[in-house]
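Engineer: Here you go, this is entry.csv (CSV, N, CA and C atoms and all ligand atoms).
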```csv
chain,number,residue,atom,x,y,z
A,1,MET,N,-66.9,-82.7,90.4
A,1,MET,CA,-66.7,-82.9,89.0
A,1,MET,C,-65.8,-81.9,88.4
A,2,GLU,N,-64.9,-82.3,87.6
A,2,GLU,CA,-63.9,-81.3,87.0
A,2,GLU,C,-64.6,-80.5,85.9
A,3,THR,N,-64.2,-79.2,85.8
A,3,THR,CA,-64.7,-78.4,84.8
A,3,THR,C,-64.4,-78.9,83.4
A,4,PRO,N,-65.3,-79.0,82.5
A,4,PRO,CA,-65.0,-79.6,81.2
A,4,PRO,C,-64.1,-78.6,80.3
A,5,TRP,N,-63.4,-79.2,79.4
A,5,TRP,CA,-62.7,-78.4,78.4
A,5,TRP,C,-63.6,-78.0,77.4
A,6,LEU,N,-63.6,-76.7,77.0
A,6,LEU,CA,-64.4,-76.2,76.0
A,6,LEU,C,-63.6,-75.9,74.7
A,7,GLU,N,-64.1,-76.4,73.6
A,7,GLU,CA,-63.4,-76.0,72.4
A,7,GLU,C,-63.6,-74.6,72.0
A,8,ILE,N,-62.6,-73.8,71.7
A,8,ILE,CA,-62.8,-72.4,71.5
A,8,ILE,C,-62.6,-72.0,70.1
A,9,CYS,N,-61.5,-72.4,69.5
A,9,CYS,CA,-61.1,-72.0,68.1
A,9,CYS,C,-60.0,-72.8,67.6
A,10,THR,N,-59.5,-72.5,66.4
A,10,THR,CA,-58.4,-73.2,65.9
A,10,THR,C,-57.1,-72.4,66.3
A,11,LEU,N,-56.0,-73.1,66.3
A,11,LEU,CA,-54.7,-72.3,66.6
A,11,LEU,C,-54.5,-71.3,65.5
A,12,ASP,N,-54.8,-71.6,64.3
A,12,ASP,CA,-54.6,-70.7,63.2
A,12,ASP,C,-55.4,-69.4,63.3
A,13,SER,N,-56.5,-69.5,64.0
A,13,SER,CA,-57.3,-68.3,64.1
A,13,SER,C,-56.8,-67.3,65.1
A,14,ILE,N,-55.7,-67.6,65.8
A,14,ILE,CA,-55.1,-66.6,66.7
A,14,ILE,C,-53.8,-66.1,66.0
A,15,PRO,N,-53.7,-64.8,65.8
A,15,PRO,CA,-52.5,-64.3,65.1
A,15,PRO,C,-51.2,-64.7,65.8
A,16,LEU,N,-50.3,-65.1,65.0
A,16,LEU,CA,-49.0,-65.4,65.5
A,16,LEU,C,-48.4,-64.2,66.2
A,17,ARG,N,-47.8,-64.5,67.4
A,17,ARG,CA,-47.4,-63.4,68.3
A,17,ARG,C,-48.5,-62.3,68.5
A,18,GLY,N,-49.7,-62.9,68.6
A,18,GLY,CA,-50.8,-62.0,68.8
A,18,GLY,C,-51.8,-62.6,69.7
A,19,CYS,N,-53.0,-62.1,69.6
A,19,CYS,CA,-54.0,-62.4,70.6
A,19,CYS,C,-55.4,-62.5,70.0
A,20,ARG,N,-56.3,-63.3,70.6
A,20,ARG,CA,-57.7,-63.4,70.2
A,20,ARG,C,-58.5,-63.3,71.5
A,21,LEU,N,-59.5,-62.5,71.4
A,21,LEU,CA,-60.4,-62.3,72.6
A,21,LEU,C,-61.5,-63.3,72.6
A,22,VAL,N,-61.8,-63.8,73.8
A,22,VAL,CA,-63.0,-64.7,73.9
A,22,VAL,C,-63.8,-64.1,75.0
A,23,GLN,N,-65.2,-64.1,74.8
A,23,GLN,CA,-66.1,-63.6,75.8
A,23,GLN,C,-66.4,-64.8,76.7
A,24,SER,N,-66.4,-64.6,78.0
A,24,SER,CA,-66.8,-65.7,78.8
A,24,SER,C,-67.7,-65.1,79.9
A,25,PRO,N,-68.4,-66.0,80.6
A,25,PRO,CA,-69.2,-65.5,81.8
A,25,PRO,C,-68.4,-64.8,82.8
A,26,ARG,N,-67.1,-65.1,82.8
A,26,ARG,CA,-66.2,-64.4,83.8
A,26,ARG,C,-65.4,-63.2,83.2
A,27,GLY,N,-65.9,-62.7,82.1
A,27,GLY,CA,-65.3,-61.6,81.4
A,27,GLY,C,-64.5,-62.0,80.2
A,28,GLN,N,-63.7,-61.0,79.7
A,28,GLN,CA,-63.0,-61.3,78.5
A,28,GLN,C,-61.7,-62.1,78.8
A,29,ILE,N,-61.5,-63.1,78.0
A,29,ILE,CA,-60.3,-63.9,78.2
A,29,ILE,C,-59.4,-63.6,76.9
A,30,ALA,N,-58.2,-63.3,77.2
A,30,ALA,CA,-57.2,-63.1,76.0
A,30,ALA,C,-56.4,-64.4,75.8
A,31,LEU,N,-56.5,-64.9,74.5
A,31,LEU,CA,-55.8,-66.1,74.1
A,31,LEU,C,-54.5,-65.6,73.4
A,32,PHE,N,-53.4,-65.9,73.9
A,32,PHE,CA,-52.1,-65.4,73.3
A,32,PHE,C,-51.5,-66.6,72.6
A,33,ARG,N,-50.9,-66.3,71.4
A,33,ARG,CA,-50.1,-67.3,70.7
A,33,ARG,C,-48.7,-66.8,70.5
A,34,THR,N,-47.8,-67.6,71.0
A,34,THR,CA,-46.4,-67.2,70.9
A,34,THR,C,-45.8,-67.6,69.6
A,35,ALA,N,-44.6,-67.1,69.3
A,35,ALA,CA,-43.9,-67.4,68.1
A,35,ALA,C,-43.7,-68.9,68.0
A,36,ALA,N,-43.6,-69.6,69.1
A,36,ALA,CA,-43.4,-71.1,69.1
A,36,ALA,C,-44.7,-71.8,69.1
A,37,ASP,N,-45.8,-71.1,68.8
A,37,ASP,CA,-47.1,-71.8,68.7
A,37,ASP,C,-47.6,-72.3,70.0
A,38,GLU,N,-47.2,-71.7,71.1
A,38,GLU,CA,-47.8,-72.1,72.4
A,38,GLU,C,-49.0,-71.1,72.6
A,39,VAL,N,-49.9,-71.6,73.3
A,39,VAL,CA,-51.1,-70.7,73.6
A,39,VAL,C,-51.3,-70.6,75.1
A,40,PHE,N,-51.5,-69.3,75.5
A,40,PHE,CA,-51.8,-69.1,76.9
A,40,PHE,C,-53.1,-68.2,77.1
A,41,ALA,N,-53.7,-68.4,78.2
A,41,ALA,CA,-55.0,-67.6,78.4
A,41,ALA,C,-54.9,-66.9,79.7
A,42,LEU,N,-55.2,-65.6,79.6
A,42,LEU,CA,-55.2,-64.7,80.7
A,42,LEU,C,-56.5,-63.8,80.7
A,43,ASP,N,-56.9,-63.4,81.9
A,43,ASP,CA,-57.9,-62.4,82.0
A,43,ASP,C,-57.4,-61.2,81.1
A,44,ASN,N,-58.3,-60.5,80.4
A,44,ASN,CA,-57.9,-59.4,79.6
A,44,ASN,C,-57.7,-58.1,80.4
A,45,ARG,N,-57.1,-58.2,81.5
A,45,ARG,CA,-57.0,-57.1,82.4
A,45,ARG,C,-55.6,-57.1,83.0
A,46,CYS,N,-54.9,-56.0,82.7
A,46,CYS,CA,-53.5,-55.9,83.3
A,46,CYS,C,-53.7,-55.8,84.8
A,47,PRO,N,-52.7,-56.4,85.6
A,47,PRO,CA,-52.8,-56.3,87.0
A,47,PRO,C,-52.5,-54.9,87.6
A,48,HIS,N,-52.0,-54.1,86.7
A,48,HIS,CA,-51.7,-52.7,87.1
A,48,HIS,C,-52.9,-51.9,87.2
A,49,LYS,N,-53.5,-51.4,86.1
A,49,LYS,CA,-54.7,-50.7,86.1
A,49,LYS,C,-55.8,-51.2,85.1
A,50,GLY,N,-55.7,-52.4,84.9
A,50,GLY,CA,-56.8,-53.0,84.1
A,50,GLY,C,-56.6,-52.8,82.6
A,51,GLY,N,-55.4,-52.5,82.1
A,51,GLY,CA,-55.2,-52.3,80.7
A,51,GLY,C,-55.5,-53.5,79.9
A,52,PRO,N,-55.9,-53.4,78.6
A,52,PRO,CA,-56.3,-54.5,77.7
A,52,PRO,C,-55.0,-55.3,77.3
A,53,LEU,N,-54.7,-56.3,77.9
A,53,LEU,CA,-53.5,-57.1,77.6
A,53,LEU,C,-53.5,-57.6,76.2
A,54,SER,N,-54.8,-57.8,75.7
A,54,SER,CA,-54.9,-58.4,74.3
A,54,SER,C,-54.4,-57.4,73.3
A,55,GLU,N,-54.2,-56.2,73.6
A,55,GLU,CA,-53.6,-55.2,72.7
A,55,GLU,C,-52.1,-55.0,72.9
A,56,GLY,N,-51.6,-55.8,73.7
A,56,GLY,CA,-50.1,-55.7,74.1
A,56,GLY,C,-49.3,-56.4,73.0
A,57,ILE,N,-48.0,-56.3,73.2
A,57,ILE,CA,-47.0,-56.9,72.3
A,57,ILE,C,-46.5,-58.2,72.9
A,58,VAL,N,-46.6,-59.3,72.2
A,58,VAL,CA,-46.2,-60.6,72.7
A,58,VAL,C,-44.7,-60.8,72.3
A,59,HIS,N,-43.9,-61.2,73.2
A,59,HIS,CA,-42.5,-61.4,72.9
A,59,HIS,C,-42.1,-62.6,73.9
A,60,GLY,N,-41.5,-63.6,73.3
A,60,GLY,CA,-41.2,-64.8,74.1
A,60,GLY,C,-42.5,-65.3,74.7
A,61,ARG,N,-42.4,-65.6,76.0
A,61,ARG,CA,-43.6,-66.0,76.8
A,61,ARG,C,-44.1,-64.8,77.6
A,62,LEU,N,-44.0,-63.6,77.1
A,62,LEU,CA,-44.4,-62.4,77.8
A,62,LEU,C,-45.3,-61.6,77.0
A,63,VAL,N,-46.1,-60.7,77.6
A,63,VAL,CA,-46.8,-59.7,76.9
A,63,VAL,C,-46.6,-58.3,77.6
A,64,THR,N,-46.3,-57.3,76.8
A,64,THR,CA,-46.2,-56.0,77.4
A,64,THR,C,-47.5,-55.2,77.3
A,65,CYS,N,-47.9,-54.7,78.4
A,65,CYS,CA,-49.2,-54.0,78.4
A,65,CYS,C,-49.1,-52.7,77.6
A,66,PRO,N,-50.2,-52.4,76.8
A,66,PRO,CA,-50.1,-51.2,76.0
A,66,PRO,C,-50.2,-49.9,76.8
A,67,LEU,N,-50.7,-50.0,78.0
A,67,LEU,CA,-50.9,-48.7,78.7
A,67,LEU,C,-49.6,-48.1,79.4
A,68,HIS,N,-49.0,-48.9,80.2
A,68,HIS,CA,-47.8,-48.4,80.9
A,68,HIS,C,-46.6,-49.3,80.9
A,69,ASN,N,-46.7,-50.3,79.9
A,69,ASN,CA,-45.5,-51.1,79.6
A,69,ASN,C,-45.1,-52.1,80.7
A,70,TRP,N,-46.0,-52.5,81.6
A,70,TRP,CA,-45.7,-53.6,82.5
A,70,TRP,C,-45.5,-54.8,81.6
A,71,VAL,N,-44.7,-55.7,82.0
A,71,VAL,CA,-44.4,-56.9,81.3
A,71,VAL,C,-45.0,-58.1,82.1
A,72,ILE,N,-46.0,-58.8,81.5
A,72,ILE,CA,-46.7,-59.9,82.2
A,72,ILE,C,-46.3,-61.2,81.7
A,73,ASP,N,-46.0,-62.1,82.6
A,73,ASP,CA,-45.6,-63.5,82.2
A,73,ASP,C,-46.9,-64.3,81.8
A,74,LEU,N,-46.9,-64.8,80.5
A,74,LEU,CA,-48.1,-65.4,80.0
A,74,LEU,C,-48.3,-66.8,80.7
A,75,GLU,N,-47.3,-67.3,81.3
A,75,GLU,CA,-47.4,-68.6,81.9
A,75,GLU,C,-48.2,-68.6,83.2
A,76,ASN,N,-48.1,-67.5,83.9
A,76,ASN,CA,-48.7,-67.4,85.3
A,76,ASN,C,-49.5,-66.1,85.5
A,77,GLY,N,-49.4,-65.2,84.6
A,77,GLY,CA,-50.2,-64.0,84.7
A,77,GLY,C,-49.5,-62.9,85.7
A,78,ARG,N,-48.3,-63.3,86.1
A,78,ARG,CA,-47.6,-62.3,87.0
A,78,ARG,C,-46.9,-61.2,86.3
A,79,ALA,N,-46.8,-60.1,87.0
A,79,ALA,CA,-46.0,-59.0,86.5
A,79,ALA,C,-44.5,-59.4,86.7
A,80,THR,N,-43.7,-59.0,85.9
A,80,THR,CA,-42.2,-59.3,86.0
A,80,THR,C,-41.5,-58.1,86.5
A,81,GLY,N,-40.2,-58.3,86.7
A,81,GLY,CA,-39.3,-57.2,87.2
A,81,GLY,C,-39.7,-56.7,88.5
A,82,ALA,N,-39.7,-55.4,88.7
A,82,ALA,CA,-39.9,-54.8,90.0
A,82,ALA,C,-41.4,-54.6,90.2
A,83,ASP,N,-42.3,-54.8,89.2
A,83,ASP,CA,-43.7,-54.6,89.3
A,83,ASP,C,-44.4,-55.8,90.0
A,84,GLU,N,-45.4,-55.6,90.8
A,84,GLU,CA,-46.1,-56.6,91.5
A,84,GLU,C,-47.5,-56.7,91.2
A,85,GLY,N,-48.0,-57.9,91.0
A,85,GLY,CA,-49.4,-58.0,90.7
A,85,GLY,C,-49.6,-59.3,89.8
A,86,CYS,N,-50.8,-59.7,89.7
A,86,CYS,CA,-51.0,-61.0,89.0
A,86,CYS,C,-52.5,-60.9,88.4
A,87,THR,N,-52.6,-61.3,87.2
A,87,THR,CA,-53.9,-61.4,86.6
A,87,THR,C,-54.3,-62.9,86.5
A,88,ARG,N,-55.5,-63.2,86.4
A,88,ARG,CA,-56.0,-64.6,86.4
A,88,ARG,C,-55.6,-65.3,85.2
A,89,LYS,N,-55.1,-66.5,85.3
A,89,LYS,CA,-54.8,-67.3,84.1
A,89,LYS,C,-55.7,-68.5,84.0
A,90,PHE,N,-55.9,-69.0,82.9
A,90,PHE,CA,-56.8,-70.1,82.6
A,90,PHE,C,-56.1,-71.3,82.0
A,91,ALA,N,-56.5,-72.5,82.2
A,91,ALA,CA,-55.8,-73.7,81.6
A,91,ALA,C,-56.2,-73.8,80.2
A,92,VAL,N,-55.2,-74.0,79.3
A,92,VAL,CA,-55.4,-74.2,77.9
A,92,VAL,C,-54.8,-75.5,77.5
A,93,ARG,N,-55.5,-76.1,76.5
A,93,ARG,CA,-55.0,-77.4,75.9
A,93,ARG,C,-55.0,-77.2,74.4
A,94,LEU,N,-54.0,-77.7,73.8
A,94,LEU,CA,-53.9,-77.7,72.3
A,94,LEU,C,-54.0,-79.1,71.9
A,95,ASP,N,-54.9,-79.4,70.9
A,95,ASP,CA,-55.0,-80.7,70.4
A,95,ASP,C,-55.3,-80.7,68.9
A,96,GLU,N,-54.4,-81.2,68.1
A,96,GLU,CA,-54.5,-81.2,66.7
A,96,GLU,C,-55.0,-79.9,66.1
A,97,GLY,N,-54.3,-78.9,66.6
A,97,GLY,CA,-54.6,-77.5,66.0
A,97,GLY,C,-55.8,-76.9,66.5
A,98,ARG,N,-56.4,-77.5,67.6
A,98,ARG,CA,-57.6,-76.8,68.2
A,98,ARG,C,-57.3,-76.4,69.6
A,99,VAL,N,-57.9,-75.3,70.0
A,99,VAL,CA,-57.6,-74.7,71.3
A,99,VAL,C,-58.8,-75.0,72.2
A,100,TYR,N,-58.5,-75.5,73.4
A,100,TYR,CA,-59.5,-75.8,74.4
A,100,TYR,C,-59.2,-75.0,75.7
A,101,LEU,N,-60.2,-74.5,76.3
A,101,LEU,CA,-60.1,-73.7,77.5
A,101,LEU,C,-60.9,-74.4,78.6
A,102,ARG,N,-60.4,-74.2,79.8
A,102,ARG,CA,-61.1,-74.6,81.0
A,102,ARG,C,-61.4,-73.3,81.8
A,103,VAL,N,-62.6,-72.9,81.9
A,103,VAL,CA,-63.0,-71.6,82.5
A,103,VAL,C,-63.6,-71.8,83.9
B,201,LIG,S1,-52.5,-50.9,83.0
B,201,LIG,FE1,-51.0,-52.2,82.3
B,201,LIG,S2,-49.2,-51.3,82.7
B,201,LIG,FE2,-50.7,-50.0,83.5
```
Would you mind writing the structure in this file as structure tokens?
Structural biologist:
Amino acid sequence: METPWLEICTLDSIPLRGCRLVQSPRGQIALFRTAADEVFALDNRCPHKGGPLSEGIVHGRLVTCPLHNWVIDLENGRATGADEGCTRKFAVRLDEGRVYLRV
């Protein structure tokens, strides 16, 4: 059976070019909202040393980790550039201004 979609919040409750944290049985999930109103969900742990990505700067479809400035691709959780590593991503669905997650 497929994991159900869970309604989490409204799009408006996530700051534009910002993040909202969600607690889940699998730890903290960071919901990012881009300037284009896309939403992505990643584990709130940088693949480098576990920095809180939710406190990073969102630019385009990327977030810069606040600890050592690694740049993480919001679409797949991967470190960009010369850095290597990947944080877990979660499926997100937007429907009429509501955000759904599959955890
Ligand atoms: S913990 Fe994120 S860049 Fe080091």
Engineer: Let me make sure I understand: among A:Ala41, A:Gly18, A:Cys46, A:Leu94, which one has the smallest atom-to-atom distance to Leu74 (chain A) if we use only N, CA and C atoms?
Structural biologist: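 Going through A:Ala41, A:Gly18, A:Cys46, A:Leu94 one by one, the smallest distance to Leu74 (chain A) is for A:Ala41.
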Engineer: With only C-alpha atoms as the counted atoms, please give the residues lying no more than 8 Å from Val63 (chain A), apart from itself and same-chain residues fewer than 5 positions off, as a ChimeraX atom specification.
Structural biologist: /A:53,56-58,71-74
Engineer: Counting all atoms listed in the file, which residues of chain A sit at most 7 Å from some atom of ligand LIG 201 (chain B), and what is each one's closest atom pair with its distance in Å to one decimal, listed by chain and rising residue number, as a Markdown table?
Structural biologist:
```
| residue | atom | partner | partner_atom | distance |
| --- | --- | --- | --- | --- |
| A:Arg45 | C | B:LIG201 | FE1 | 6.8 |
| A:Cys46 | CA | B:LIG201 | FE1 | 4.6 |
| A:Pro47 | N | B:LIG201 | FE1 | 5.6 |
| A:His48 | C | B:LIG201 | S1 | 4.3 |
| A:Lys49 | N | B:LIG201 | S1 | 3.3 |
| A:Gly50 | N | B:LIG201 | S1 | 4.0 |
| A:Gly51 | N | B:LIG201 | S1 | 3.4 |
| A:Pro52 | N | B:LIG201 | S1 | 6.1 |
| A:Thr64 | C | B:LIG201 | FE1 | 6.8 |
| A:Cys65 | CA | B:LIG201 | FE1 | 4.7 |
| A:Pro66 | N | B:LIG201 | FE1 | 5.6 |
| A:Leu67 | C | B:LIG201 | S2 | 4.6 |
| A:His68 | N | B:LIG201 | S2 | 3.5 |
| A:Asn69 | N | B:LIG201 | S2 | 3.9 |
| A:Trp70 | N | B:LIG201 | S2 | 3.6 |
| A:Val71 | N | B:LIG201 | S2 | 6.3 |
```
Engineer: Identify, on the basis of only N, CA and C atoms, every residue whose closest approach to His59 (chain A) does not exceed 7 Å; exclude the query and any residue fewer than 6 positions from it along the same chain; express the result as a list in words.
Structural biologist: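 Near neighbours after the sequence-gap exclusion: Arg17, Thr34 and Ala35 of chain A.
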Engineer: Keeping only N, CA and C atoms, write the selected residues as a compact mmCIF listing (two decimals), keeping the file's coordinate frame.
Structural biologist:
```txt
# COMPACT_ATOMS: atom_id res chain seq x y z
N ARG A 17 -47.80 -64.50 67.40
CA ARG A 17 -47.40 -63.40 68.30
C ARG A 17 -48.50 -62.30 68.50
N THR A 34 -47.80 -67.60 71.00
CA THR A 34 -46.40 -67.20 70.90
C THR A 34 -45.80 -67.60 69.60
N ALA A 35 -44.60 -67.10 69.30
CA ALA A 35 -43.90 -67.40 68.10
C ALA A 35 -43.70 -68.90 68.00
```
Engineer: CA of Gly97 (chain A) and atom C of Arg26 (chain A), how far apart in Å?
Structural biologist: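 So the answer is 24.8 Å.
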Engineer: Between A:Cys19, A:Glu38, A:Phe32, A:Glu55, which one has atoms that come closest to Gly77 (chain A), using only C-alpha atoms?
Structural biologist: A:Phe32
Engineer: Would you please give, as a PyMOL selection string, all residues of chain A that DSSP assigns to helix (DSSP H, G or I) based on the backbone?
Structural biologist: chain A and resi 11-13+53-55
